[in-house]
file protein.cif (mmCIF, C-alpha atoms)
data_run
#
loop_
_atom_site.group_PDB
_atom_site.id
_atom_site.type_symbol
_atom_site.label_atom_id
_atom_site.label_comp_id
_atom_site.auth_asym_id
_atom_site.auth_seq_id
_atom_site.Cartn_x
_atom_site.Cartn_y
_atom_site.Cartn_z
ATOM 1 C CA MET A 73 29.540 -1.804 -14.937
ATOM 2 C CA PHE A 74 26.144 -0.237 -14.263
ATOM 3 C CA LEU A 75 25.413 2.707 -12.005
ATOM 4 C CA VAL A 76 21.942 2.707 -10.458
ATOM 5 C CA THR A 77 21.128 5.909 -8.596
ATOM 6 C CA GLY A 78 18.424 5.508 -5.981
ATOM 7 C CA GLY A 79 19.366 1.833 -6.081
ATOM 8 C CA ALA A 80 18.219 1.130 -2.524
ATOM 9 C CA GLY A 81 14.790 2.599 -3.238
ATOM 10 C CA PHE A 82 11.688 0.982 -4.664
ATOM 11 C CA ILE A 83 12.204 0.993 -8.416
ATOM 12 C CA GLY A 84 15.990 1.170 -8.132
ATOM 13 C CA SER A 85 16.298 -1.980 -6.008
ATOM 14 C CA ASN A 86 14.073 -3.846 -8.448
ATOM 15 C CA VAL A 87 16.388 -2.700 -11.256
ATOM 16 C CA VAL A 88 19.326 -4.141 -9.300
ATOM 17 C CA ALA A 89 17.417 -7.398 -8.801
ATOM 18 C CA SER A 90 16.657 -7.630 -12.508
ATOM 19 C CA LEU A 91 20.283 -6.981 -13.491
ATOM 20 C CA ASN A 92 21.413 -9.670 -11.046
ATOM 21 C CA GLU A 93 18.884 -12.101 -12.485
ATOM 22 C CA ALA A 94 20.371 -11.418 -15.939
ATOM 23 C CA GLY A 95 23.846 -12.294 -14.615
ATOM 24 C CA ALA A 96 25.218 -8.799 -13.930
ATOM 25 C CA THR A 97 26.950 -8.302 -10.585
ATOM 26 C CA ASP A 98 29.179 -5.326 -11.429
ATOM 27 C CA ILE A 99 26.539 -2.875 -10.245
ATOM 28 C CA VAL A 100 27.215 0.261 -8.244
ATOM 29 C CA VAL A 101 24.369 1.690 -6.174
ATOM 30 C CA ASN A 102 24.251 5.406 -5.454
ATOM 31 C CA ASP A 103 21.979 5.928 -2.457
ATOM 32 C CA LEU A 104 21.707 6.343 1.296
ATOM 33 C CA THR A 105 20.338 3.527 3.433
ATOM 34 C CA GLY A 106 20.188 5.638 6.593
ATOM 35 C CA HIS A 107 18.673 4.221 9.772
ATOM 36 C CA ASP A 108 15.604 2.732 8.108
ATOM 37 C CA GLU A 109 15.906 -1.044 8.013
ATOM 38 C CA ALA A 110 13.546 -1.240 5.056
ATOM 39 C CA LYS A 111 15.990 0.405 2.626
ATOM 40 C CA TRP A 112 19.009 -1.818 3.196
ATOM 41 C CA ARG A 113 16.743 -4.850 3.139
ATOM 42 C CA ASN A 114 15.699 -3.798 -0.376
ATOM 43 C CA LEU A 115 19.244 -4.802 -1.408
ATOM 44 C CA ALA A 116 19.911 -7.604 1.053
ATOM 45 C CA LYS A 117 19.235 -10.406 -1.443
ATOM 46 C CA HIS A 118 21.296 -8.881 -4.231
ATOM 47 C CA GLN A 119 24.926 -8.450 -5.169
ATOM 48 C CA VAL A 120 26.418 -5.017 -5.770
ATOM 49 C CA ALA A 121 30.025 -3.957 -6.302
ATOM 50 C CA ASP A 122 29.862 -0.722 -4.319
ATOM 51 C CA LEU A 123 27.488 1.595 -2.474
ATOM 52 C CA VAL A 124 28.347 5.242 -3.109
ATOM 53 C CA PRO A 125 26.743 8.069 -1.078
ATOM 54 C CA PRO A 126 25.172 10.866 -3.176
ATOM 55 C CA ALA A 127 27.620 13.473 -1.892
ATOM 56 C CA GLU A 128 30.535 11.439 -3.303
ATOM 57 C CA LEU A 129 29.005 10.537 -6.651
ATOM 58 C CA MET A 130 30.622 13.040 -9.006
ATOM 59 C CA ASN A 131 34.091 12.425 -7.540
ATOM 60 C CA TRP A 132 33.518 8.688 -7.822
ATOM 61 C CA LEU A 133 32.541 9.062 -11.482
ATOM 62 C CA ASP A 134 35.763 10.864 -12.385
ATOM 63 C CA GLY A 135 37.698 8.668 -14.819
ATOM 64 C CA ARG A 136 35.154 5.845 -14.768
ATOM 65 C CA LYS A 137 33.834 3.890 -17.737
ATOM 66 C CA LEU A 138 30.285 2.557 -17.365
ATOM 67 C CA ASP A 139 27.948 0.483 -19.505
ATOM 68 C CA ALA A 140 25.008 2.693 -18.521
ATOM 69 C CA VAL A 141 23.708 5.098 -15.901
ATOM 70 C CA ILE A 142 20.214 4.207 -14.681
ATOM 71 C CA HIS A 143 19.119 7.307 -12.803
ATOM 72 C CA MET A 144 16.219 6.491 -10.479
ATOM 73 C CA GLY A 145 17.346 8.616 -7.531
ATOM 74 C CA ALA A 146 15.176 11.593 -6.515
ATOM 75 C CA ILE A 147 13.120 13.127 -3.767
ATOM 76 C CA SER A 148 9.851 11.564 -4.884
ATOM 77 C CA ASP A 149 7.515 12.869 -2.194
ATOM 78 C CA THR A 150 4.742 14.760 -3.962
ATOM 79 C CA THR A 151 4.106 16.738 -0.755
ATOM 80 C CA ALA A 152 7.704 18.006 -0.476
ATOM 81 C CA THR A 153 7.942 21.765 0.065
ATOM 82 C CA ASP A 154 11.698 22.492 0.275
ATOM 83 C CA GLY A 155 12.201 23.845 -3.230
ATOM 84 C CA ASP A 156 15.964 24.279 -2.941
ATOM 85 C CA LEU A 157 16.478 20.707 -1.746
ATOM 86 C CA VAL A 158 14.177 19.207 -4.364
ATOM 87 C CA MET A 159 15.764 21.163 -7.199
ATOM 88 C CA GLU A 160 19.277 20.234 -6.081
ATOM 89 C CA ASN A 161 18.421 16.537 -5.905
ATOM 90 C CA ASN A 162 15.985 16.169 -8.786
ATOM 91 C CA PHE A 163 17.109 18.767 -11.307
ATOM 92 C CA ARG A 164 20.698 19.864 -10.802
ATOM 93 C CA THR A 165 22.030 16.407 -9.959
ATOM 94 C CA SER A 166 20.259 15.068 -13.044
ATOM 95 C CA LEU A 167 21.917 17.760 -15.177
ATOM 96 C CA ARG A 168 25.337 16.800 -13.805
ATOM 97 C CA LEU A 169 24.742 13.160 -14.669
ATOM 98 C CA LEU A 170 23.462 14.085 -18.121
ATOM 99 C CA ASP A 171 26.602 16.137 -18.737
ATOM 100 C CA TRP A 172 28.830 13.314 -17.519
ATOM 101 C CA CYS A 173 27.080 10.741 -19.714
ATOM 102 C CA THR A 174 27.332 13.114 -22.682
ATOM 103 C CA ALA A 175 31.052 13.663 -22.163
ATOM 104 C CA THR A 176 31.799 9.958 -21.689
ATOM 105 C CA ARG A 177 29.333 8.676 -24.309
ATOM 106 C CA THR A 178 27.485 6.611 -21.720
ATOM 107 C CA PRO A 179 23.837 5.536 -22.198
ATOM 108 C CA PHE A 180 21.533 7.384 -19.798
ATOM 109 C CA ILE A 181 18.108 6.196 -18.623
ATOM 110 C CA TYR A 182 16.309 8.385 -16.120
ATOM 111 C CA ALA A 183 13.063 8.464 -14.164
ATOM 112 C CA SER A 184 10.634 11.170 -15.108
ATOM 113 C CA SER A 185 7.090 10.940 -13.738
ATOM 114 C CA ALA A 186 3.419 11.031 -14.612
ATOM 115 C CA ALA A 187 3.295 13.889 -12.089
ATOM 116 C CA THR A 188 4.547 16.090 -14.932
ATOM 117 C CA TYR A 189 1.052 15.887 -16.464
ATOM 118 C CA GLY A 190 -0.490 17.845 -13.604
ATOM 119 C CA ASP A 191 -4.268 17.545 -13.404
ATOM 120 C CA GLY A 192 -4.463 15.792 -16.761
ATOM 121 C CA ALA A 193 -6.168 18.682 -18.535
ATOM 122 C CA GLN A 194 -3.658 18.304 -21.379
ATOM 123 C CA GLY A 195 -4.098 14.543 -21.474
ATOM 124 C CA PHE A 196 -1.517 11.841 -20.744
ATOM 125 C CA ASP A 197 0.070 11.473 -24.168
ATOM 126 C CA ASP A 198 3.875 11.189 -24.002
ATOM 127 C CA ASP A 199 4.443 13.633 -26.854
ATOM 128 C CA TRP A 200 7.886 14.983 -25.985
ATOM 129 C CA SER A 201 7.985 17.784 -28.532
ATOM 130 C CA PRO A 202 8.837 21.149 -26.926
ATOM 131 C CA ASP A 203 5.399 22.590 -27.690
ATOM 132 C CA ALA A 204 3.619 19.655 -26.068
ATOM 133 C CA LEU A 205 5.858 19.634 -22.999
ATOM 134 C CA ARG A 206 5.455 23.370 -22.421
ATOM 135 C CA LYS A 207 1.686 22.976 -22.168
ATOM 136 C CA LEU A 208 1.996 20.739 -19.124
ATOM 137 C CA GLN A 209 1.413 22.272 -15.706
ATOM 138 C CA PRO A 210 2.585 20.026 -12.842
ATOM 139 C CA MET A 211 0.612 20.442 -9.634
ATOM 140 C CA ASN A 212 3.443 19.929 -7.137
ATOM 141 C CA LEU A 213 7.124 20.653 -6.625
ATOM 142 C CA TYR A 214 8.176 17.093 -7.371
ATOM 143 C CA GLY A 215 6.351 17.058 -10.708
ATOM 144 C CA TRP A 216 7.781 20.462 -11.620
ATOM 145 C CA SER A 217 11.358 19.326 -10.919
ATOM 146 C CA LYS A 218 10.902 16.321 -13.206
ATOM 147 C CA HIS A 219 9.219 18.445 -15.852
ATOM 148 C CA LEU A 220 12.098 20.940 -15.900
ATOM 149 C CA PHE A 221 14.578 18.162 -16.533
ATOM 150 C CA ASP A 222 12.474 16.732 -19.367
ATOM 151 C CA LEU A 223 12.449 20.201 -20.916
ATOM 152 C CA ALA A 224 16.215 20.567 -20.515
ATOM 153 C CA VAL A 225 16.913 17.255 -22.248
ATOM 154 C CA VAL A 226 14.513 17.918 -25.111
ATOM 155 C CA ASP A 227 15.838 21.449 -25.538
ATOM 156 C CA ARG A 228 19.328 20.026 -26.137
ATOM 157 C CA TYR A 229 17.901 17.477 -28.560
ATOM 158 C CA VAL A 230 16.023 20.090 -30.584
ATOM 159 C CA LYS A 231 19.027 22.423 -30.696
ATOM 160 C CA LYS A 232 21.177 19.467 -31.802
ATOM 161 C CA GLU A 233 23.437 19.970 -28.824
ATOM 162 C CA LYS A 234 25.452 17.068 -27.519
ATOM 163 C CA LEU A 235 23.594 14.315 -25.664
ATOM 164 C CA PRO A 236 24.523 10.761 -24.640
ATOM 165 C CA PRO A 237 24.471 8.254 -27.512
ATOM 166 C CA ARG A 238 21.349 6.800 -25.879
ATOM 167 C CA TRP A 239 18.977 8.685 -23.631
ATOM 168 C CA VAL A 240 15.561 7.667 -22.387
ATOM 169 C CA GLY A 241 13.164 9.300 -19.913
ATOM 170 C CA LEU A 242 10.512 7.152 -18.226
ATOM 171 C CA LYS A 243 7.239 8.726 -17.089
ATOM 172 C CA PHE A 244 6.238 6.235 -14.430
ATOM 173 C CA PHE A 245 2.560 6.087 -13.529
ATOM 174 C CA ASN A 246 1.314 4.393 -10.315
ATOM 175 C CA VAL A 247 3.934 1.691 -9.831
ATOM 176 C CA TYR A 248 3.384 -0.774 -6.987
ATOM 177 C CA GLY A 249 5.037 -3.954 -5.771
ATOM 178 C CA PRO A 250 7.687 -5.403 -3.435
ATOM 179 C CA ASN A 251 10.327 -3.159 -1.830
ATOM 180 C CA GLU A 252 8.104 -0.083 -1.546
ATOM 181 C CA TYR A 253 7.701 -0.441 2.225
ATOM 182 C CA HIS A 254 10.081 2.382 3.193
ATOM 183 C CA LYS A 255 8.011 4.958 1.292
ATOM 184 C CA GLY A 256 5.532 5.639 4.097
ATOM 185 C CA HIS A 257 2.598 7.751 2.907
ATOM 186 C CA MET A 258 3.980 7.610 -0.663
ATOM 187 C CA ALA A 259 3.640 3.812 -0.837
ATOM 188 C CA SER A 260 0.797 2.332 -2.872
ATOM 189 C CA VAL A 261 -2.606 2.172 -1.212
ATOM 190 C CA LEU A 262 -2.329 -1.622 -1.373
ATOM 191 C CA ALA A 263 0.874 -1.691 0.682
ATOM 192 C CA LYS A 264 -0.551 0.792 3.185
ATOM 193 C CA VAL A 265 -3.796 -1.037 3.912
ATOM 194 C CA PHE A 266 -2.783 -4.700 3.735
ATOM 195 C CA ASP A 267 -1.798 -5.271 7.354
ATOM 196 C CA GLY A 268 -4.963 -3.629 8.645
ATOM 197 C CA ALA A 269 -7.103 -5.623 6.239
ATOM 198 C CA LYS A 270 -5.422 -8.847 7.303
ATOM 199 C CA ALA A 271 -6.176 -7.950 10.927
ATOM 200 C CA GLY A 272 -9.859 -7.619 10.025
ATOM 201 C CA LYS A 273 -10.109 -3.851 9.812
ATOM 202 C CA PRO A 274 -12.092 -2.300 6.967
ATOM 203 C CA VAL A 275 -10.192 -0.569 4.194
ATOM 204 C CA ARG A 276 -11.146 3.082 3.958
ATOM 205 C CA LEU A 277 -11.390 4.644 0.518
ATOM 206 C CA PHE A 278 -12.482 8.129 -0.441
ATOM 207 C CA LYS A 279 -16.037 8.906 -1.338
ATOM 208 C CA SER A 280 -16.514 10.612 -4.673
ATOM 209 C CA HIS A 281 -17.256 14.313 -4.656
ATOM 210 C CA ARG A 282 -17.771 14.474 -8.387
ATOM 211 C CA GLU A 283 -21.057 13.846 -10.123
ATOM 212 C CA GLY A 284 -21.193 10.687 -12.188
ATOM 213 C CA ILE A 285 -18.308 8.974 -10.373
ATOM 214 C CA ALA A 286 -19.101 6.373 -7.705
ATOM 215 C CA ASP A 287 -17.379 6.142 -4.347
ATOM 216 C CA GLY A 288 -14.012 4.414 -4.716
ATOM 217 C CA ASP A 289 -14.192 4.673 -8.491
ATOM 218 C CA GLN A 290 -11.391 7.212 -8.762
ATOM 219 C CA ARG A 291 -9.028 5.635 -11.265
ATOM 220 C CA ARG A 292 -5.289 5.338 -11.769
ATOM 221 C CA ASP A 293 -3.001 3.654 -14.258
ATOM 222 C CA PHE A 294 -1.649 1.055 -11.827
ATOM 223 C CA VAL A 295 1.441 -0.706 -13.208
ATOM 224 C CA TYR A 296 3.070 -3.647 -11.450
ATOM 225 C CA ILE A 297 6.776 -3.261 -10.763
ATOM 226 C CA ASP A 298 7.702 -6.322 -12.843
ATOM 227 C CA ASP A 299 6.100 -4.724 -15.906
ATOM 228 C CA ALA A 300 7.782 -1.375 -15.263
ATOM 229 C CA ILE A 301 11.178 -3.093 -14.984
ATOM 230 C CA ALA A 302 10.514 -5.069 -18.176
ATOM 231 C CA VAL A 303 9.978 -1.795 -20.062
ATOM 232 C CA LEU A 304 13.131 -0.284 -18.571
ATOM 233 C CA ARG A 305 15.244 -3.328 -19.424
ATOM 234 C CA TRP A 306 13.934 -3.390 -22.991
ATOM 235 C CA LEU A 307 14.805 0.277 -23.457
ATOM 236 C CA LEU A 308 18.240 -0.341 -21.947
ATOM 237 C CA ASP A 309 18.874 -2.920 -24.676
ATOM 238 C CA ALA A 310 17.097 -1.107 -27.527
ATOM 239 C CA SER A 311 20.149 0.587 -28.998
ATOM 240 C CA SER A 312 18.279 2.713 -31.548
ATOM 241 C CA VAL A 313 15.573 4.127 -29.250
ATOM 242 C CA ASN A 314 15.773 7.572 -27.639
ATOM 243 C CA GLY A 315 12.969 9.673 -26.185
ATOM 244 C CA ILE A 316 10.540 10.067 -23.305
ATOM 245 C CA PHE A 317 8.006 7.290 -22.780
ATOM 246 C CA ASN A 318 5.064 6.623 -20.501
ATOM 247 C CA VAL A 319 5.458 3.582 -18.281
ATOM 248 C CA GLY A 320 1.894 2.547 -17.524
ATOM 249 C CA THR A 321 -0.532 -0.071 -18.749
ATOM 250 C CA GLY A 322 -2.747 2.189 -20.838
ATOM 251 C CA GLN A 323 -5.708 1.009 -18.748
ATOM 252 C CA ALA A 324 -7.098 2.965 -15.783
ATOM 253 C CA GLU A 325 -8.477 0.899 -12.882
ATOM 254 C CA SER A 326 -10.327 2.008 -9.768
ATOM 255 C CA PHE A 327 -9.063 1.941 -6.199
ATOM 256 C CA ARG A 328 -12.113 -0.192 -5.431
ATOM 257 C CA ASP A 329 -10.991 -2.726 -8.055
ATOM 258 C CA MET A 330 -7.489 -2.875 -6.585
ATOM 259 C CA ILE A 331 -8.697 -3.409 -3.034
ATOM 260 C CA GLY A 332 -11.290 -5.938 -4.211
ATOM 261 C CA ALA A 333 -8.466 -7.889 -5.884
ATOM 262 C CA MET A 334 -6.504 -7.775 -2.627
ATOM 263 C CA PHE A 335 -9.378 -9.284 -0.648
ATOM 264 C CA LYS A 336 -9.856 -11.946 -3.329
ATOM 265 C CA ALA A 337 -6.189 -12.897 -3.082
ATOM 266 C CA MET A 338 -6.633 -13.173 0.698
ATOM 267 C CA GLY A 339 -9.689 -15.387 0.229
ATOM 268 C CA ARG A 340 -11.948 -12.940 2.042
ATOM 269 C CA PRO A 341 -15.008 -10.889 1.111
ATOM 270 C CA ALA A 342 -14.290 -7.238 0.432
ATOM 271 C CA ASN A 343 -14.521 -5.053 3.545
ATOM 272 C CA ILE A 344 -14.486 -1.441 2.361
ATOM 273 C CA GLU A 345 -15.733 1.745 3.988
ATOM 274 C CA TYR A 346 -16.012 5.067 2.190
ATOM 275 C CA ILE A 347 -15.002 8.266 3.950
ATOM 276 C CA ASP A 348 -15.231 11.918 2.987
ATOM 277 C CA MET A 349 -12.243 13.267 1.143
ATOM 278 C CA PRO A 350 -10.548 16.061 3.132
ATOM 279 C CA GLU A 351 -11.750 19.439 1.905
ATOM 280 C CA ALA A 352 -8.162 20.654 1.605
ATOM 281 C CA ILE A 353 -7.476 18.290 -1.307
ATOM 282 C CA ARG A 354 -10.876 18.049 -2.997
ATOM 283 C CA ASN A 355 -10.234 20.764 -5.572
ATOM 284 C CA GLN A 356 -6.895 19.324 -6.694
ATOM 285 C CA TYR A 357 -7.556 15.610 -6.388
ATOM 286 C CA GLN A 358 -7.061 13.633 -9.590
ATOM 287 C CA TYR A 359 -9.977 11.358 -10.443
ATOM 288 C CA PHE A 360 -8.374 9.763 -13.484
ATOM 289 C CA THR A 361 -4.945 8.979 -14.903
ATOM 290 C CA GLN A 362 -4.224 6.732 -17.872
ATOM 291 C CA GLY A 363 -0.969 6.773 -19.756
ATOM 292 C CA SER A 364 -0.939 6.274 -23.493
ATOM 293 C CA VAL A 365 1.563 3.545 -24.434
ATOM 294 C CA GLU A 366 1.314 4.030 -28.186
ATOM 295 C CA ASN A 367 4.766 5.630 -28.471
ATOM 296 C CA LEU A 368 6.279 2.676 -26.633
ATOM 297 C CA ARG A 369 4.533 0.272 -28.994
ATOM 298 C CA ARG A 370 5.684 2.242 -32.043
ATOM 299 C CA ALA A 371 9.232 2.085 -30.721
ATOM 300 C CA GLY A 372 8.960 -1.703 -30.860
ATOM 301 C CA TYR A 373 8.023 -2.777 -27.349
ATOM 302 C CA ASN A 374 5.622 -5.722 -27.547
ATOM 303 C CA GLY A 375 5.623 -6.885 -23.942
ATOM 304 C CA GLY A 376 2.325 -7.248 -22.159
ATOM 305 C CA PHE A 377 1.109 -5.745 -18.886
ATOM 306 C CA THR A 378 -0.126 -7.951 -16.071
ATOM 307 C CA PRO A 379 -3.880 -7.578 -15.445
ATOM 308 C CA LEU A 380 -4.643 -5.858 -12.148
ATOM 309 C CA GLU A 381 -6.189 -8.883 -10.440
ATOM 310 C CA SER A 382 -3.270 -11.137 -11.364
ATOM 311 C CA ALA A 383 -0.639 -8.572 -10.363
ATOM 312 C CA VAL A 384 -2.307 -7.831 -7.034
ATOM 313 C CA GLY A 385 -2.608 -11.560 -6.381
ATOM 314 C CA HIS A 386 1.100 -12.023 -7.085
ATOM 315 C CA TYR A 387 2.025 -9.157 -4.790
ATOM 316 C CA VAL A 388 -0.221 -10.324 -1.950
ATOM 317 C CA THR A 389 0.575 -14.054 -1.991
ATOM 318 C CA GLY A 390 4.216 -13.713 -2.998
ATOM 319 C CA TYR A 391 5.238 -10.789 -0.784
ATOM 320 C CA LEU A 392 2.747 -8.926 1.423
ATOM 321 C CA ASP A 393 1.340 -12.066 3.053
ATOM 322 C CA CYS A 394 4.780 -13.606 3.624
ATOM 323 C CA ALA A 395 7.215 -13.380 6.519
ATOM 324 C CA ASP A 396 9.840 -12.098 4.096
ATOM 325 C CA ARG A 397 8.277 -9.383 1.925
ATOM 326 C CA TYR A 398 11.409 -8.365 0.053
ATOM 327 C CA ARG A 399 12.414 -9.122 -3.496
#

call {"tool": "encode", "arguments": {"input": "protein.cif", "output": "C-alpha cells"}}
result
Amino acid sequence: MFLVTGGAGFIGSNVVASLNEAGATDIVVNDLTGHDEAKWRNLAKHQVADLVPPAELMNWLDGRKLDAVIHMGAISDTTATDGDLVMENNFRTSLRLLDWCTATRTPFIYASSAATYGDGAQGFDDDWSPDALRKLQPMNLYGWSKHLFDLAVVDRYVKKEKLPPRWVGLKFFNVYGPNEYHKGHMASVLAKVFDGAKAGKPVRLFKSHREGIADGDQRRDFVYIDDAIAVLRWLLDASSVNGIFNVGTGQAESFRDMIGAMFKAMGRPANIEYIDMPEAIRNQYQYFTQGSVENLRRAGYNGGFTPLESAVGHYVTGYLDCADRYR
C-alpha cells in the first residue's frame, strides 16, 4: 500500500496515475478536494483505496504498514503570507511523517523545491551537505519552509540519527503538464494563457529590465510532468539511493520559447506582446534558473528529458486543446 499526500494535486495526482499504470491500486490519497471541481477531477480516472483528510492522517497511520510514503502535500503558493499555517503544513507535518516512517522503517520520498535556492546567487547545484544548504537564502515563505525541512533531514543524517531506510527529497523546478488547472496563479504560464491564445488574444510576456537580456528571454528550467514522475518512480525503486536531488532538465529555456512552441502546436503564428514588469517585483524577479542534474546521473538515473517543443506539443494536443484535459 502506498500513501500519496497531496494526491489530488498536480504532481500527486500524476503519481497516482503512474502507480495505477504500473498495476498498483492499493493507494491511499491524503488530501482535500474541497468545492473545486478541478481537484477531484484530477483523480476521476484513477483507482484509489481511500481518501484521508489531512486532519485525520496521523490517526489513520497508527498501526499501518505501508510500502512507501510519497509526500507531495504542501501549501505551494509562493505568495503565501500566513507563516503559522505554512509551517504547520509544510514543516511540522513533514516532520511527523518523517518520524513515522523512521519508526516503521517505511521508505519516504518528499517534495522539496527549487524555491529553496532563492535568487540563485549560490547556484542551483543540489549539494545537500550542511554547509552548502546553510548558504541558501529562500526568497519566500514557501521556499523557507521547504528549506527548513531539508536541513532537518540532513541534520539527522549527519548526526547519524535514525532515518527511514530510504529517504529522498526532490527539488522540483518548473514542472508543467496536465492536472495543474486548479492551481490558479501558480499554474504554469502555458496553462494560464492557452485559452486566451486559442481565442485569438495575444500572449503577454514581461519585458526585460536587465541589460543584455531580451524581452521574453527570462529563462526557467521547465520540466514536463511525465519526466518529473519518471525520476520519482526511479528513485522509489532505487533501493540503495538516498539524498536530495534536483528534478529539472539541466537546460534553461525562455518563456518566449515555451509560448512559441505552444503556437506551433496550435498551427498558428506566434502572437506575443511584451509588457512592463510591475515595479513591485522587478528587484526580486528571477531571470534564470537551471538545475544541475549531475547528482541524479551519478546516482544511476539515465532517463532522458523531453525537449521543450515536444513536451509543449504533447501537452497542447493531448490535453489543453481537448474537451477532457485531465490525465

call {"tool": "closest_atom_pairs", "arguments": {"input": "protein.cif", "of": "region 127-168 of chain A", "to": "region 100-109 of chain A", "cutoff": "12 Å", "atoms": "only C-alpha atoms", "output": "JSON lines"}}
result
{"residue": "A:Ala127", "atom": "CA", "partner": "A:Asp103", "partner_atom": "CA", "distance": 9.4}
{"residue": "A:Glu128", "atom": "CA", "partner": "A:Asn102", "partner_atom": "CA", "distance": 9.0}
{"residue": "A:Leu129", "atom": "CA", "partner": "A:Asn102", "partner_atom": "CA", "distance": 7.1}
{"residue": "A:Met130", "atom": "CA", "partner": "A:Asn102", "partner_atom": "CA", "distance": 10.6}
{"residue": "A:Trp132", "atom": "CA", "partner": "A:Asn102", "partner_atom": "CA", "distance": 10.1}
{"residue": "A:Leu133", "atom": "CA", "partner": "A:Val100", "partner_atom": "CA", "distance": 10.8}
{"residue": "A:Arg136", "atom": "CA", "partner": "A:Val100", "partner_atom": "CA", "distance": 11.7}
{"residue": "A:Leu138", "atom": "CA", "partner": "A:Val100", "partner_atom": "CA", "distance": 9.9}
{"residue": "A:Asp139", "atom": "CA", "partner": "A:Val100", "partner_atom": "CA", "distance": 11.3}
{"residue": "A:Ala140", "atom": "CA", "partner": "A:Val100", "partner_atom": "CA", "distance": 10.8}
{"residue": "A:Val141", "atom": "CA", "partner": "A:Val100", "partner_atom": "CA", "distance": 9.7}
{"residue": "A:Ile142", "atom": "CA", "partner": "A:Val101", "partner_atom": "CA", "distance": 9.8}
{"residue": "A:His143", "atom": "CA", "partner": "A:Asn102", "partner_atom": "CA", "distance": 9.2}
{"residue": "A:Met144", "atom": "CA", "partner": "A:Asn102", "partner_atom": "CA", "distance": 9.5}
{"residue": "A:Gly145", "atom": "CA", "partner": "A:Asp103", "partner_atom": "CA", "distance": 7.4}
{"residue": "A:Ala146", "atom": "CA", "partner": "A:Asp103", "partner_atom": "CA", "distance": 9.7}
{"residue": "A:Ile147", "atom": "CA", "partner": "A:Asp103", "partner_atom": "CA", "distance": 11.5}
{"residue": "A:Asn161", "atom": "CA", "partner": "A:Asp103", "partner_atom": "CA", "distance": 11.7}

call {"tool": "closest_atom_pairs", "arguments": {"input": "protein.cif", "of": "region 372-399 of chain A", "to": "region 326-335 of chain A", "cutoff": "12 Å", "atoms": "all atoms listed in the file", "output": "tab-separated table"}}
result
residue	atom	partner	partner_atom	distance
A:Pro379	CA	A:Ala333	CA	10.6
A:Leu380	CA	A:Met330	CA	6.9
A:Glu381	CA	A:Ala333	CA	5.2
A:Ser382	CA	A:Ala333	CA	8.2
A:Ala383	CA	A:Ala333	CA	9.0
A:Val384	CA	A:Met334	CA	6.1
A:Gly385	CA	A:Met334	CA	6.6
A:His386	CA	A:Met334	CA	9.8
A:Tyr387	CA	A:Met334	CA	8.9
A:Val388	CA	A:Met334	CA	6.8
A:Thr389	CA	A:Met334	CA	9.5
A:Leu392	CA	A:Met334	CA	10.2
A:Asp393	CA	A:Met334	CA	10.6

call {"tool": "write_last_selection", "arguments": {"input": "protein.cif", "atoms": "C-alpha atoms", "output": "compact mmCIF listing (two decimals), in the coordinates of the input"}}
result
# COMPACT_ATOMS: atom_id res chain seq x y z
CA PRO A 379 -3.88 -7.58 -15.44
CA LEU A 380 -4.64 -5.86 -12.15
CA GLU A 381 -6.19 -8.88 -10.44
CA SER A 382 -3.27 -11.14 -11.36
CA ALA A 383 -0.64 -8.57 -10.36
CA VAL A 384 -2.31 -7.83 -7.03
CA GLY A 385 -2.61 -11.56 -6.38
CA HIS A 386 1.10 -12.02 -7.08
CA TYR A 387 2.02 -9.16 -4.79
CA VAL A 388 -0.22 -10.32 -1.95
CA THR A 389 0.57 -14.05 -1.99
CA LEU A 392 2.75 -8.93 1.42
CA ASP A 393 1.34 -12.07 3.05

call {"tool": "resolve_selection", "arguments": {"input": "protein.cif", "expression": "the PyMOL selection byres ((chain A and resi 220) around 12)", "output": "PyMOL selection string"}}
result
chain A and resi 158-159+162-164+166-167+184-185+187-188+202+205-206+208-210+213-219+221-227

call {"tool": "resolve_selection", "arguments": {"input": "protein.cif", "expression": "the PyMOL selection byres ((chain A and resi 250) around 8)", "output": "ChimeraX atom specification"}}
result
/A:82,248-249,251-253,297,387,391-392,397-399

call {"tool": "atom_distance", "arguments": {"input": "protein.cif", "atom1": "CA of Cys394 (chain A)", "atom2": "CA of Asp299 (chain A)"}}
result
21.5 Å

call {"tool": "closest_residue", "arguments": {"input": "protein.cif", "among": "A:Trp200, A:Gly284, A:Leu170, A:Lys255", "to": "Lys234 (chain A)", "atoms": "only C-alpha atoms"}}
result
A:Leu170

call {"tool": "resolve_selection", "arguments": {"input": "protein.cif", "expression": "the PyMOL selection byres ((chain A and resi 97) around 7)", "output": "JSON, numbers by chain"}}
result
{"A": [92, 95, 96, 98, 99, 119, 120, 121]}

call {"tool": "closest_residue", "arguments": {"input": "protein.cif", "among": "A:Arg177, A:Arg238, A:Lys232, A:Lys243", "to": "Asp197 (chain A)", "atoms": "all atoms listed in the file"}}
result
A:Lys243

call {"tool": "atom_distance", "arguments": {"input": "protein.cif", "atom1": "CA of Ala259 (chain A)", "atom2": "CA of Arg292 (chain A)"}}
result
14.2 Å

call {"tool": "atom_distance", "arguments": {"input": "protein.cif", "atom1": "CA of His281 (chain A)", "atom2": "CA of Asp191 (chain A)"}}
result
16.0 Å

call {"tool": "residues_near_point", "arguments": {"input": "protein.cif", "point": "(14.1, 1.4, -6.7)", "cutoff": "9 Å", "atoms": "all atoms listed in the file", "output": "VMD selection string"}}
result
chain A and resid 76 to 88 114 144 to 145 251 to 252

call {"tool": "axis_aligned_box", "arguments": {"input": "protein.cif", "around": "region 150-160 of chain A", "padding_each_side": "3 Å", "output": "JSON"}}
result
{"center_x": 11.7, "center_y": 19.5, "center_z": -3.5, "size_x": 21.2, "size_y": 15.5, "size_z": 13.5}

call {"tool": "closest_residue", "arguments": {"input": "protein.cif", "among": "A:Gly272, A:Met211, A:Lys279, A:Ala89", "to": "Ala116 (chain A)", "atoms": "only C-alpha atoms"}}
result
A:Ala89

call {"tool": "closest_residue", "arguments": {"input": "protein.cif", "among": "A:Leu262, A:Ala94, A:Ala269, A:Ala152", "to": "Arg340 (chain A)", "atoms": "all atoms listed in the file"}}
result
A:Ala269

call {"tool": "decode", "arguments": {"input": "protein.cif", "residues": "region 159-164 of chain A", "atoms": "C-alpha atoms", "output": "compact mmCIF listing (two decimals), in the first residue's frame"}}
result
# COMPACT_ATOMS: atom_id res chain seq x y z
CA MET A 159 4.94 25.99 8.79
CA GLU A 160 2.27 23.67 10.19
CA ASN A 161 1.50 22.21 6.77
CA ASN A 162 4.93 22.22 5.14
CA PHE A 163 7.34 21.74 8.02
CA ARG A 164 5.71 20.23 11.09
